[in-house]
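**Student:** Sending over work_19.txt (compact mmCIF, C-alpha atoms).
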```txt
# COMPACT_ATOMS: atom_id res chain seq x y z
CA MET I 17 95.62 78.41 74.24
CA LEU I 18 99.24 77.46 75.01
CA SER I 19 100.52 79.51 72.07
CA ASP I 20 98.30 82.44 73.08
CA ILE I 21 99.85 82.41 76.55
CA GLN I 22 103.34 82.46 75.06
CA ASN I 23 102.32 85.42 72.87
CA ILE I 24 101.03 87.35 75.89
CA VAL I 25 104.19 86.55 77.85
CA TYR I 26 106.29 88.07 75.07
CA LEU I 27 103.94 91.04 74.74
CA LYS I 28 104.09 91.78 78.49
CA LYS I 29 107.86 91.42 78.54
CA VAL I 30 108.45 93.78 75.61
CA SER I 31 105.96 96.29 77.06
CA TYR I 32 107.92 96.28 80.31
CA LEU I 33 111.24 96.78 78.49
CA LEU I 34 109.88 99.63 76.37
CA GLU I 35 108.15 101.39 79.26
CA ASN I 36 111.36 101.34 81.29
CA GLU I 37 113.61 102.11 78.29
CA ILE I 38 115.73 99.03 78.89
CA GLY I 39 118.09 98.03 76.09
CA THR I 40 119.41 100.09 73.20
CA HIS I 41 117.08 101.98 70.89
CA GLU I 42 117.82 99.43 68.16
CA GLU I 43 116.96 96.51 70.46
CA ARG I 44 113.69 98.09 71.53
CA THR I 45 112.74 98.76 67.91
CA ASN I 46 113.45 95.15 66.93
CA TRP I 47 111.43 93.80 69.87
CA LEU I 48 108.47 95.92 68.81
CA ARG I 49 108.77 94.83 65.17
CA ASN I 50 108.73 91.21 66.30
CA ILE I 51 105.51 91.84 68.20
CA VAL I 52 103.81 93.40 65.17
CA LYS I 53 105.08 90.60 62.93
CA ASP I 54 104.47 87.53 65.10
CA ILE I 55 101.51 88.22 67.39
CA PRO I 56 97.98 87.88 65.95
CA VAL I 57 96.14 91.12 65.17
CA SER I 58 93.21 89.91 67.27
CA ILE I 59 95.48 90.14 70.33
CA LEU I 60 97.23 93.41 69.43
CA THR I 61 93.90 95.16 68.88
CA SER I 62 92.28 93.89 72.09
CA SER I 63 91.08 96.68 74.35
CA SER I 64 93.69 96.00 77.05
CA VAL I 65 96.67 96.55 74.79
CA LYS I 66 95.69 98.41 71.62
CA GLU I 67 96.36 101.95 72.87
CA LYS I 68 99.71 101.00 74.40
CA ILE I 69 100.98 99.19 71.29
CA ASN I 70 99.84 102.03 69.06
CA GLY I 71 101.77 104.50 71.23
CA PHE I 72 104.93 102.38 71.09
CA CYS I 73 104.71 102.09 67.31
CA LEU I 74 104.40 105.87 66.92
CA GLN I 75 107.33 106.40 69.31
CA TYR I 76 109.60 104.02 67.37
CA SER I 77 108.38 105.01 63.89
CA ILE I 78 106.77 101.68 63.07
CA SER I 79 103.76 101.57 60.78
CA THR I 80 100.44 101.16 62.54
CA ASN I 81 98.55 100.06 59.42
CA PHE I 82 97.89 96.71 61.03
CA MET I 83 95.71 98.52 63.59
CA SER I 84 93.22 99.42 60.86
CA THR I 85 93.33 95.98 59.28
CA GLU I 86 89.88 94.47 59.13
CA LEU I 87 89.58 92.07 62.02
CA PRO I 88 88.66 88.43 61.43
CA ASP I 89 84.99 87.64 61.23
CA LYS I 90 83.30 87.58 64.63
CA GLN I 91 82.29 84.01 63.95
CA ASN I 92 85.96 83.03 63.61
CA LYS I 93 86.33 80.86 66.70
CA LYS I 94 90.13 81.00 66.75
CA ALA I 95 90.18 84.82 66.64
CA ARG I 96 87.61 85.01 69.42
CA ASN I 97 89.61 82.60 71.55
CA ASN I 98 92.84 84.54 70.94
CA ARG I 99 91.24 87.77 72.07
CA SER I 100 89.52 86.15 75.05
CA THR I 101 92.73 84.60 76.32
CA ALA I 102 94.63 87.84 75.79
CA GLU I 103 92.08 89.96 77.63
CA ARG I 104 91.96 87.66 80.64
CA LEU I 105 95.72 87.24 80.89
CA LEU I 106 96.45 90.93 80.42
CA GLN I 107 93.93 91.78 83.13
CA ASN I 108 95.29 89.03 85.43
CA GLU I 109 91.98 87.14 85.42
CA SER I 110 93.62 83.80 86.05
CA ALA I 111 90.77 81.76 87.53
CA SER I 112 88.87 81.05 84.30
CA LEU I 113 92.10 80.41 82.37
CA LEU I 114 93.27 77.93 84.98
CA SER I 115 89.92 76.18 84.81
CA GLU I 116 90.21 75.81 81.03
CA LEU I 117 93.80 74.62 81.28
CA GLY I 118 92.83 72.16 84.01
CA SER I 119 90.42 70.46 81.63
CA LYS I 120 93.34 69.84 79.25
CA LEU I 121 95.23 67.76 81.84
CA LEU I 122 93.30 64.72 80.57
CA ASP I 123 95.59 64.83 77.53
CA LYS I 124 98.49 62.89 79.04
CA GLU I 125 100.68 63.54 76.02
CA LYS I 126 100.74 67.25 76.91
CA TYR I 127 100.32 66.96 80.67
CA TYR I 128 103.49 68.81 81.70
CA GLN I 129 103.14 71.38 78.94
CA THR I 130 99.73 72.22 80.38
CA ILE I 131 101.09 72.26 83.95
CA GLU I 132 103.81 74.67 82.82
CA ALA I 133 101.22 76.96 81.19
CA MET I 134 99.16 76.91 84.40
CA CYS I 135 102.27 77.85 86.41
CA ILE I 136 102.95 80.79 84.08
CA VAL I 137 99.36 82.03 84.39
CA ILE I 138 99.57 81.82 88.19
CA ILE I 139 102.86 83.73 88.33
CA LEU I 140 101.67 86.43 85.93
CA GLY I 141 98.51 86.87 88.00
CA LYS I 142 100.54 86.65 91.25
CA ASP I 143 98.02 84.13 92.54
CA PHE I 144 100.79 82.27 94.37
CA LYS I 145 98.52 80.35 96.75
CA LYS I 146 97.77 77.99 93.84
CA ILE I 147 101.43 77.01 93.38
CA PRO I 148 101.33 74.16 95.97
CA GLU I 149 98.49 72.59 93.95
CA ILE I 150 100.67 72.76 90.83
CA GLU I 151 103.53 71.10 92.66
CA TYR I 152 101.16 68.41 93.91
CA LYS I 153 99.86 67.68 90.39
CA LEU I 154 103.42 67.52 89.11
CA GLN I 155 104.60 65.14 91.83
CA THR I 156 101.47 62.95 91.70
CA ASN I 157 101.92 62.32 88.01
CA LEU I 158 105.59 61.54 88.53
CA ASP I 159 104.73 59.06 91.25
CA GLU I 160 102.42 57.24 88.87
CA LEU I 161 105.29 56.86 86.43
CA THR I 162 107.88 55.77 88.95
CA VAL I 163 109.68 52.62 87.87
CA SER I 164 111.68 52.27 91.07
CA LYS I 165 111.93 53.96 94.44
CA THR I 166 114.67 56.30 93.36
CA LYS I 167 114.42 56.80 89.60
CA HIS I 168 111.69 58.19 87.39
CA CYS I 169 111.12 56.83 83.94
CA HIS I 170 111.90 60.02 81.99
CA SER I 171 112.24 57.92 78.85
CA THR I 172 108.43 57.65 78.80
CA PHE I 173 108.15 61.41 78.15
CA SER I 174 108.41 63.19 74.84
CA SER I 175 111.20 65.74 74.54
CA LYS I 176 108.73 68.63 74.92
CA GLU I 177 107.12 67.04 77.97
CA LEU I 178 110.48 66.51 79.66
CA GLN I 179 111.47 70.12 78.98
CA SER I 180 108.19 71.37 80.44
CA LEU I 181 108.61 69.17 83.51
CA ARG I 182 112.04 70.64 84.22
CA ARG I 183 110.96 74.20 83.52
CA THR I 184 107.93 73.84 85.80
CA LYS I 185 110.20 72.80 88.67
CA ALA I 186 112.25 75.95 88.09
CA LEU I 187 109.08 78.07 87.89
CA ILE I 188 107.92 76.71 91.25
CA CYS I 189 111.19 77.96 92.73
CA PHE I 190 110.77 81.25 90.86
CA SER I 191 107.37 81.76 92.46
CA LEU I 192 108.92 81.34 95.92
CA PHE I 193 111.60 83.85 95.00
CA LEU I 194 109.03 86.43 93.87
CA GLN I 195 107.25 86.09 97.23
CA GLY I 196 110.49 86.74 99.11
CA TYR I 197 110.84 83.15 100.41
CA TYR I 198 114.54 83.11 99.61
CA LEU I 199 115.60 80.32 101.96
CA THR I 200 112.84 77.95 100.79
CA CYS I 201 113.60 78.84 97.17
CA SER I 202 117.31 78.12 97.63
CA GLN I 203 116.67 74.81 99.39
CA LYS I 204 114.14 73.61 96.83
CA VAL I 205 116.15 74.53 93.76
CA PHE I 206 119.19 72.60 94.97
CA GLN I 207 116.97 69.63 95.81
CA PHE I 208 115.76 69.69 92.21
CA ILE I 209 119.33 70.05 90.90
CA GLU I 210 120.45 67.09 92.99
CA LYS I 211 117.76 64.88 91.42
CA ASP I 212 118.05 66.26 87.88
CA SER I 213 120.92 68.63 87.09
CA LYS I 214 119.57 69.27 83.58
CA ILE I 215 117.18 71.79 85.11
CA LEU I 216 120.11 74.20 84.61
CA ASP I 217 120.56 73.25 80.95
CA LYS I 218 120.58 76.39 78.80
CA ALA I 219 118.71 74.56 76.06
CA LEU I 220 115.61 74.64 78.27
CA TRP I 221 115.62 78.42 78.23
CA ASN I 222 116.39 79.12 74.58
CA ASP I 223 115.60 82.22 72.54
CA THR I 224 112.04 81.14 71.82
CA TYR I 225 111.19 80.87 75.53
CA ASP I 226 110.39 84.38 76.71
CA PHE I 227 109.06 83.98 80.25
CA ILE I 228 112.42 83.61 81.94
CA LYS I 229 115.87 83.06 80.47
CA ALA I 230 118.73 80.88 81.68
CA GLU I 231 120.49 83.86 83.23
CA ASP I 232 117.28 84.77 85.10
CA LEU I 233 117.23 81.31 86.69
CA TYR I 234 120.95 81.44 87.56
CA SER I 235 120.58 84.92 89.07
CA MET I 236 117.55 83.83 91.09
CA ILE I 237 119.61 81.02 92.63
CA LEU I 238 122.48 83.36 93.46
CA ILE I 239 120.27 86.04 95.02
CA SER I 240 118.23 83.54 97.07
CA ALA I 241 121.33 81.85 98.47
CA SER I 242 123.10 85.17 99.16
CA LEU I 243 120.15 86.62 101.07
CA SER I 244 119.23 83.52 103.07
CA MET I 245 122.63 82.17 104.01
CA PRO I 246 124.58 83.36 107.09
CA LEU I 247 127.92 84.79 105.99
CA ASN I 248 129.84 82.41 108.21
CA THR I 249 128.46 79.41 106.30
CA VAL I 250 129.46 80.56 102.81
CA ARG I 251 132.79 78.72 102.98
CA HIS I 252 130.92 75.42 103.50
CA PHE I 253 128.24 76.17 100.93
CA ILE I 254 130.66 76.72 98.05
CA LYS I 255 132.13 73.22 98.56
CA LEU I 256 128.86 71.34 98.07
CA PRO I 257 128.82 69.18 94.90
CA ASP I 258 125.60 70.64 93.49
CA VAL I 259 126.87 74.17 94.14
CA ILE I 260 130.14 73.39 92.37
CA PHE I 261 128.12 72.14 89.38
CA TYR I 262 126.08 75.37 89.48
CA PHE I 263 129.32 77.38 89.44
CA GLU I 264 130.40 75.53 86.30
CA VAL I 265 127.18 76.57 84.60
CA PHE I 266 127.27 80.14 85.92
CA PRO I 267 130.88 81.19 86.72
CA SER I 268 129.83 84.69 87.81
CA ALA I 269 128.14 83.13 90.85
CA LYS I 270 131.44 81.57 91.91
CA ASP I 271 133.16 84.96 91.72
CA LEU I 272 130.46 86.63 93.84
CA PHE I 273 130.34 83.92 96.51
CA TYR I 274 134.12 83.92 96.86
CA LEU I 275 134.01 87.69 97.38
CA LEU I 276 131.42 87.16 100.12
CA LYS I 277 133.53 84.44 101.73
CA SER I 278 136.54 86.77 101.73
CA THR I 279 134.41 89.67 103.08
CA LYS I 280 135.43 91.77 100.07
CA PHE I 281 132.09 93.50 100.10
CA LYS I 282 133.06 96.54 98.05
CA SER I 283 134.15 94.26 95.20
CA PHE I 284 131.02 92.17 95.70
CA PHE I 285 128.73 95.18 95.20
CA ALA I 286 130.79 96.38 92.22
CA CYS I 287 130.54 92.92 90.64
CA TRP I 288 126.82 92.78 91.41
CA THR I 289 126.23 96.14 89.71
CA LYS I 290 128.19 95.09 86.63
CA LEU I 291 127.02 91.50 86.18
CA LEU I 292 123.75 90.82 88.01
CA LYS I 293 121.88 94.11 87.98
CA PRO I 294 121.54 94.29 84.16
CA ILE I 295 120.14 90.73 84.10
CA CYS I 296 117.60 91.52 86.83
CA ARG I 297 116.50 94.75 85.18
CA ARG I 298 115.60 92.95 81.94
CA ASN I 299 113.19 90.53 83.59
CA GLN I 300 109.65 91.89 83.85
CA LEU I 301 109.08 90.01 87.12
CA VAL I 302 112.39 90.59 88.90
CA GLY I 303 112.97 94.15 87.65
CA PRO I 304 110.22 95.72 89.83
CA LYS I 305 111.70 93.91 92.88
CA LEU I 306 115.27 95.00 92.17
CA GLU I 307 115.33 97.90 94.63
CA GLU I 308 113.96 95.68 97.40
CA ILE I 309 116.54 92.96 96.64
CA GLU I 310 119.46 95.40 96.61
CA ARG I 311 118.36 96.97 99.91
CA ALA I 312 118.15 93.49 101.47
CA LEU I 313 121.68 92.66 100.27
CA ARG I 314 123.06 95.93 101.65
CA THR I 315 121.26 95.43 104.97
CA LYS I 316 122.78 91.98 105.34
CA ILE I 317 126.25 93.51 105.12
CA TYR I 318 125.39 96.42 107.45
CA ILE I 319 124.32 93.90 110.09
CA PHE I 320 127.64 92.09 109.69
CA TYR I 321 129.51 95.29 110.64
CA LEU I 322 127.08 96.34 113.35
CA SER I 323 127.38 92.94 115.03
CA MET I 324 131.10 93.56 115.55
CA SER I 325 131.02 97.15 116.78
CA THR I 326 129.23 99.34 119.32
CA ARG I 327 130.18 102.50 117.47
CA ILE I 328 130.73 103.03 113.76
CA GLN I 329 130.48 105.86 111.23
CA VAL I 330 128.11 106.02 108.29
CA SER I 331 130.93 107.52 106.23
CA TYR I 332 133.11 104.51 107.06
CA LEU I 333 130.45 102.09 105.82
CA SER I 334 129.90 104.21 102.71
CA ASN I 335 133.61 104.23 101.82
CA THR I 336 134.24 100.62 102.76
CA LEU I 337 131.29 99.26 100.79
CA GLY I 338 131.41 101.70 97.88
CA ILE I 339 127.79 102.76 98.46
CA GLU I 340 126.59 106.37 98.37
CA TYR I 341 126.44 108.03 101.79
CA ASP I 342 122.76 108.99 101.53
CA ILE I 343 121.79 105.45 100.56
CA VAL I 344 123.62 103.99 103.57
CA SER I 345 122.13 106.59 105.91
CA ASN I 346 118.55 106.04 104.68
CA ASP I 347 118.94 102.27 104.77
CA LEU I 348 120.09 102.38 108.39
CA LYS I 349 117.31 104.71 109.48
CA GLU I 350 114.76 102.33 107.99
CA LEU I 351 116.50 99.31 109.52
CA PHE I 352 116.56 100.79 113.03
CA SER I 353 112.96 101.94 112.75
CA LYS I 354 111.56 98.63 111.51
CA ARG I 355 113.48 96.35 113.85
CA LYS I 356 113.42 98.66 116.88
CA ALA I 357 117.14 98.04 117.21
CA ASN I 358 119.24 99.29 120.12
CA PHE I 359 121.25 101.42 117.72
CA VAL I 360 121.01 105.18 117.47
CA LEU I 361 122.02 107.22 114.44
CA GLU I 362 123.20 110.72 115.40
CA GLY I 363 124.72 112.61 112.53
CA ASP I 364 127.46 110.42 111.11
CA ILE I 365 127.75 108.23 114.21
CA ILE I 366 125.95 104.93 114.80
CA SER I 367 126.15 103.86 118.43
CA TYR I 368 124.80 100.91 120.37
CA LYS I 369 122.77 101.63 123.47
CA LYS I 370 122.12 98.66 125.70
CA GLN I 371 118.74 98.91 127.35
CA SER I 372 118.27 97.86 130.97
CA THR I 373 116.14 94.75 131.42
CA LEU I 374 114.51 96.37 134.47
CA ASN I 375 113.68 99.44 132.42
CA ASN I 376 112.08 97.24 129.77
CA ILE I 377 110.00 95.41 132.39
CA ALA I 378 108.95 98.68 134.03
CA SER I 379 107.94 100.07 130.65
CA ILE I 380 105.85 96.98 129.88
CA LEU I 381 104.16 97.07 133.31
CA GLN I 382 103.40 100.76 132.94
CA SER I 383 101.86 100.14 129.56
CA ASN I 384 99.79 97.25 130.92
CA GLU I 385 98.61 99.37 133.84
CA HIS I 386 97.47 102.06 131.45
CA GLU I 387 95.52 99.53 129.34
CA ILE I 388 93.89 97.98 132.43
CA SER I 389 92.87 101.42 133.73
CA LYS I 390 91.21 102.20 130.41
CA LEU I 391 89.30 98.90 130.48
CA LEU I 392 88.13 99.48 134.09
CA GLU I 393 87.01 103.00 133.28
CA LEU I 394 85.04 101.71 130.31
CA GLN I 395 83.42 98.98 132.42
CA ASN I 396 82.45 101.47 135.16
CA ARG I 397 80.87 103.71 132.56
CA LYS I 398 78.85 100.79 131.17
CA ASN I 399 77.76 99.79 134.68
CA THR I 400 76.57 103.31 135.49
CA GLU I 401 74.67 103.53 132.22
CA LEU I 402 73.02 100.16 132.91
CA LYS I 403 72.05 101.18 136.46
CA ASP I 404 70.58 104.51 135.28
CA SER I 405 68.66 102.75 132.55
CA ILE I 406 67.12 100.20 134.91
CA GLN I 407 66.16 102.84 137.49
CA SER I 408 64.60 105.00 134.82
CA TYR I 409 62.56 102.03 133.70
CA ILE I 410 61.34 101.38 137.30
CA ILE I 411 60.42 105.01 137.84
CA GLU I 412 58.50 105.14 134.59
CA ASN I 413 56.76 101.85 135.35
CA ASN I 414 55.71 102.98 138.84
CA ARG I 415 54.42 106.27 137.52
CA THR I 416 52.29 104.39 135.08
CA ASN I 417 50.77 102.37 137.96
CA ASP I 418 50.58 105.37 140.36
CA ILE I 419 52.66 103.59 142.96
CA PRO I 420 55.08 105.67 145.08
CA VAL I 421 58.66 104.83 144.26
CA THR I 422 61.03 103.66 146.99
CA TYR I 423 64.20 101.67 146.70
CA GLU I 424 62.61 99.08 149.05
CA ASP I 425 60.08 98.34 146.30
CA GLU I 426 62.82 97.27 143.82
CA ASP I 427 63.14 93.68 142.82
CA PRO I 428 65.96 91.97 144.77
CA SER I 429 67.67 91.21 141.50
CA MET I 430 68.14 94.95 141.03
CA HIS I 431 70.83 94.82 143.72
CA LEU I 432 73.08 93.43 141.02
CA CYS I 433 73.44 97.08 140.15
CA ASN I 434 75.01 97.84 143.52
CA SER I 435 78.31 99.56 142.99
CA ASP I 436 80.07 97.17 145.37
CA THR I 437 78.86 94.24 143.33
CA PHE I 438 80.27 95.74 140.12
CA GLY I 439 83.45 96.54 141.93
CA ALA I 440 83.83 92.88 142.83
CA SER I 441 82.99 91.91 139.27
CA GLU I 442 85.69 94.24 137.99
CA GLU I 443 88.26 92.66 140.23
CA ARG I 444 87.40 89.23 138.85
CA ASN I 445 87.69 90.53 135.31
```
Would you mind writing the structure in this file as structure tokens?

**Tutor:**
Amino acid sequence: MLSDIQNIVYLKKVSYLLENEIGTHEERTNWLRNIVKDIPVSILTSSSVKEKINGFCLQYSISTNFMSTELPDKQNKKARNNRSTAERLLQNESASLLSELGSKLLDKEKYYQTIEAMCIVIILGKDFKKIPEIEYKLQTNLDELTVSKTKHCHSTFSSKELQSLRRTKALICFSLFLQGYYLTCSQKVFQFIEKDSKILDKALWNDTYDFIKAEDLYSMILISASLSMPLNTVRHFIKLPDVIFYFEVFPSAKDLFYLLKSTKFKSFFACWTKLLKPICRRNQLVGPKLEEIERALRTKIYIFYLSMSTRIQVSYLSNTLGIEYDIVSNDLKELFSKRKANFVLEGDIISYKKQSTLNNIASILQSNEHEISKLLELQNRKNTELKDSIQSYIIENNRTNDIPVTYEDEDPSMHLCNSDTFGASEERN
């Protein structure tokens, strides 16, 4: 099952790259050839992927003879399992896969490899609520192997197990990043780095590991820290020992953070577009979030300028930041609308309008008065309907018994329907 999951990861990644025409034509052709060559036919011809793969092959002039190859016998257990795993993973049916993988945790020699596979399945299915359970299983097993209060006995692990342990820690952070928990992601990843800096080792994310690459991890750290950190703390952040180590591994991050520290935002965005954007676009998980991430980065810088001015021009921001005018304008409109900010955009001018506290209070009171009036009107209507219903019942009952109807004949409890009584009740409510 572990190899099947890796096959599906590569298949999903290449499908994303081909659909979005990322990479050169030659690169895309080679990726597709690798799929046809390396992934079992039982997976490529499964109902969830067959039509798509066939279309790609025709588009890139690759033979589709394998599509007509006689499939393995239906009694071939391995072929059935391949197809079953593929179908469930491609359709994001993670529950049954996680259950099967969970049963494999009894094999302590492959414990962390199984945990890593479970983490991948969860992330692909975007079933992030199960990530804390993964982290708990990871930590519980580590606690059992603790040889002192501060050091874990990594020497007891095989090389593959140790690699999976480190990758799983990074994947936990990656799941936080994908959910938009940038501050928590940034904090957790540097906690992991402090305890075991080899989590950043490029050898962990070699060419045969297709889910995320080393540059994906490094970019995730940079983006999370950039979005979650106040600009006035950057100068302290870049001096932290673990951050300095991270800069040694990924020098581009150092360049970008120093541009932020120096408030050279135009250069920062130019560097981002040149260095980080291509990396993000190639990842099938980060690529779809790229527009959201870039808008968040731009908004962070807009707020920096708006916090220092009561009046500023859109054209000034556009020229200063090197961002297209229409993008800046649309970003600001969305920002002001969502946050109900005291800024007004009129033409090219952004101006701050301080609202009176008394006006705000009056507006709230007026709104409350309106809501209370609606509730009282509804209650009065219900009271009238109840009174009419009871009186109709009395009239009908008296007619049935041929007794003349007078209000004196009503049960004393019927006086609960007196309008004064309901008025008093309304006041209490």

**Student:** Give me the residues within 8 Å of Leu121 in chain I as a VMD selection string, counting only C-alpha atoms and dropping any in the same chain fewer than 4 places off.

**Tutor:** chain I and resid 117 126 to 127 130 to 131

**Student:** Choose the residue, out of I:Ile319, I:Ile139, I:Leu18, I:Ile260, that has the smallest atom-to-atom separation from Leu301 in chain I; count only C-alpha atoms.

**Tutor:**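 Closest to Leu301 in chain I, using only C-alpha atoms: I:Ile139.
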
**Student:** Give the answer as one residue: which of I:Ile239, I:Ile339, I:Ser278, I:Ile254 has the shortest atom-to-atom distance to Lys305 in chain I, using all atoms listed in the file?

**Tutor:**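 For Lys305 in chain I, the nearest of the candidates is I:Ile239.
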
**Student:** What's the separation between CA of Thr200 in chain I and CA of Met236 in chain I, in Å to one decimal place?

**Tutor:** 12.3 Å

**Student:** As a PDB file with C-alpha atoms, in the coordinates of the input, please: the residues near Leu187 in chain I (cut-off 10 Å, all atoms listed in the file, same-chain neighbours under 2 positions excluded).

**Tutor:**
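Written output follows (result-v1.pdb):
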```pdb
ATOM      1  CA  GLU I 132     103.810  74.670  82.820  1.00  0.00           C
ATOM      2  CA  CYS I 135     102.270  77.850  86.410  1.00  0.00           C
ATOM      3  CA  ILE I 136     102.950  80.790  84.080  1.00  0.00           C
ATOM      4  CA  ILE I 139     102.860  83.730  88.330  1.00  0.00           C
ATOM      5  CA  ILE I 147     101.430  77.010  93.380  1.00  0.00           C
ATOM      6  CA  LEU I 181     108.610  69.170  83.510  1.00  0.00           C
ATOM      7  CA  ARG I 182     112.040  70.640  84.220  1.00  0.00           C
ATOM      8  CA  ARG I 183     110.960  74.200  83.520  1.00  0.00           C
ATOM      9  CA  THR I 184     107.930  73.840  85.800  1.00  0.00           C
ATOM     10  CA  LYS I 185     110.200  72.800  88.670  1.00  0.00           C
ATOM     11  CA  CYS I 189     111.190  77.960  92.730  1.00  0.00           C
ATOM     12  CA  PHE I 190     110.770  81.250  90.860  1.00  0.00           C
ATOM     13  CA  SER I 191     107.370  81.760  92.460  1.00  0.00           C
ATOM     14  CA  LEU I 192     108.920  81.340  95.920  1.00  0.00           C
ATOM     15  CA  PHE I 193     111.600  83.850  95.000  1.00  0.00           C
ATOM     16  CA  VAL I 205     116.150  74.530  93.760  1.00  0.00           C
ATOM     17  CA  PHE I 227     109.060  83.980  80.250  1.00  0.00           C
ATOM     18  CA  ILE I 228     112.420  83.610  81.940  1.00  0.00           C
ATOM     19  CA  LEU I 233     117.230  81.310  86.690  1.00  0.00           C
TER      20      LEU I 233
END
```

**Student:** Just the residues within 10 Å of range 215-224 of chain I, please, counting all atoms listed in the file, with nothing from its chain fewer than 3 positions along; format it as a PyMOL selection string.

**Tutor:** chain I and resi 22+26+176+178-186+205+208-212+227-234+261-262+265-266

**Student:** Keeping only C-alpha atoms, take the residues you just selected and write them out as a short mmCIF file (atom, residue, chain, number, x, y, z; two decimals), in the frame of the given file.

**Tutor:**
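Output contents, as saved in out.cif:
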```cif
data_model
loop_
_atom_site.label_atom_id
_atom_site.label_comp_id
_atom_site.auth_asym_id
_atom_site.auth_seq_id
_atom_site.Cartn_x
_atom_site.Cartn_y
_atom_site.Cartn_z
CA GLN I 22 103.34 82.46 75.06
CA TYR I 26 106.29 88.07 75.07
CA LYS I 176 108.73 68.63 74.92
CA LEU I 178 110.48 66.51 79.66
CA GLN I 179 111.47 70.12 78.98
CA SER I 180 108.19 71.37 80.44
CA LEU I 181 108.61 69.17 83.51
CA ARG I 182 112.04 70.64 84.22
CA ARG I 183 110.96 74.20 83.52
CA THR I 184 107.93 73.84 85.80
CA LYS I 185 110.20 72.80 88.67
CA ALA I 186 112.25 75.95 88.09
CA VAL I 205 116.15 74.53 93.76
CA PHE I 208 115.76 69.69 92.21
CA ILE I 209 119.33 70.05 90.90
CA GLU I 210 120.45 67.09 92.99
CA LYS I 211 117.76 64.88 91.42
CA ASP I 212 118.05 66.26 87.88
CA PHE I 227 109.06 83.98 80.25
CA ILE I 228 112.42 83.61 81.94
CA LYS I 229 115.87 83.06 80.47
CA ALA I 230 118.73 80.88 81.68
CA GLU I 231 120.49 83.86 83.23
CA ASP I 232 117.28 84.77 85.10
CA LEU I 233 117.23 81.31 86.69
CA TYR I 234 120.95 81.44 87.56
CA PHE I 261 128.12 72.14 89.38
CA TYR I 262 126.08 75.37 89.48
CA VAL I 265 127.18 76.57 84.60
CA PHE I 266 127.27 80.14 85.92
#
```

**Student:** Quick check, in Å to one decimal: how far apart do CA of Leu256 in chain I and CA of Phe206 in chain I lie?

**Tutor:**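 Rounded to one decimal, the two atoms are 10.2 Å apart.
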
**Student:** Using all atoms listed in the file, which residue out of I:Leu238, I:Ile365, I:Cys201, I:Ala133 lies closest to Leu292 in chain I?

**Tutor:** I:Leu238

**Student:** Just give me the gap between CA of Ile188 in chain I and CA of Thr156 in chain I in Å, one decimal is fine.

**Tutor:**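 Between CA of Ile188 in chain I and CA of Thr156 in chain I the gap works out to 15.2 Å.
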
**Student:** Name all residues at most 12 Å from Glu149 in chain I (count all atoms listed in the file; drop same-chain ones fewer than 2 positions away) and give them as a list of chain:residue names.

**Tutor:**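 In the requested format, the answer is I:Leu114, I:Gly118, I:Ile131, I:Met134, I:Cys135, I:Ile138, I:Asp143, I:Phe144, I:Lys145, I:Lys146, I:Ile147, I:Glu151, I:Tyr152, I:Lys153, I:Leu154, I:Gln155, I:Thr156, I:Ile188.
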
**Student:** Any idea what's packed within 12 Å of Thr279 in chain I, counting only C-alpha atoms, ignoring anything in its chain fewer than 6 positions away? Could you give it as a PyMOL selection string?

**Tutor:** chain I and resi 247-248+250-251+272-273+285+317+320-321+336-337

**Student:** Take the residues that were just selected and, keeping C-alpha atoms, output them as a PDB file, in the coordinates of the input.

**Tutor:**
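To be explicit, this is the file written out as part_26.pdb:
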```
ATOM      1  CA  LEU I 247     127.920  84.790 105.990  1.00  0.00           C
ATOM      2  CA  ASN I 248     129.840  82.410 108.210  1.00  0.00           C
ATOM      3  CA  VAL I 250     129.460  80.560 102.810  1.00  0.00           C
ATOM      4  CA  ARG I 251     132.790  78.720 102.980  1.00  0.00           C
ATOM      5  CA  LEU I 272     130.460  86.630  93.840  1.00  0.00           C
ATOM      6  CA  PHE I 273     130.340  83.920  96.510  1.00  0.00           C
ATOM      7  CA  PHE I 285     128.730  95.180  95.200  1.00  0.00           C
ATOM      8  CA  ILE I 317     126.250  93.510 105.120  1.00  0.00           C
ATOM      9  CA  PHE I 320     127.640  92.090 109.690  1.00  0.00           C
ATOM     10  CA  TYR I 321     129.510  95.290 110.640  1.00  0.00           C
ATOM     11  CA  THR I 336     134.240 100.620 102.760  1.00  0.00           C
ATOM     12  CA  LEU I 337     131.290  99.260 100.790  1.00  0.00           C
TER      13      LEU I 337
END
```

**Student:** For a quick check of understanding, using all atoms listed in the file, which of I:Tyr318, I:Tyr274, I:Trp47, I:Tyr225 has the smallest distance to Ile21 in chain I?

**Tutor:** I:Tyr225

**Student:** Nearest to Phe281 in chain I: which of I:Ser325, I:Asn335, I:Asn358, I:Thr101 is it, counting only C-alpha atoms?

**Tutor:**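 For Phe281 in chain I, the nearest of the candidates is I:Asn335.
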
**Student:** Measuring between all atoms listed in the file, which one of I:Lys277, I:Lys293, I:Lys214, I:Lys282 shows the shortest distance to Asp258 in chain I?

**Tutor:**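 Ranked by minimum distance to Asp258 in chain I, first place goes to I:Lys214.
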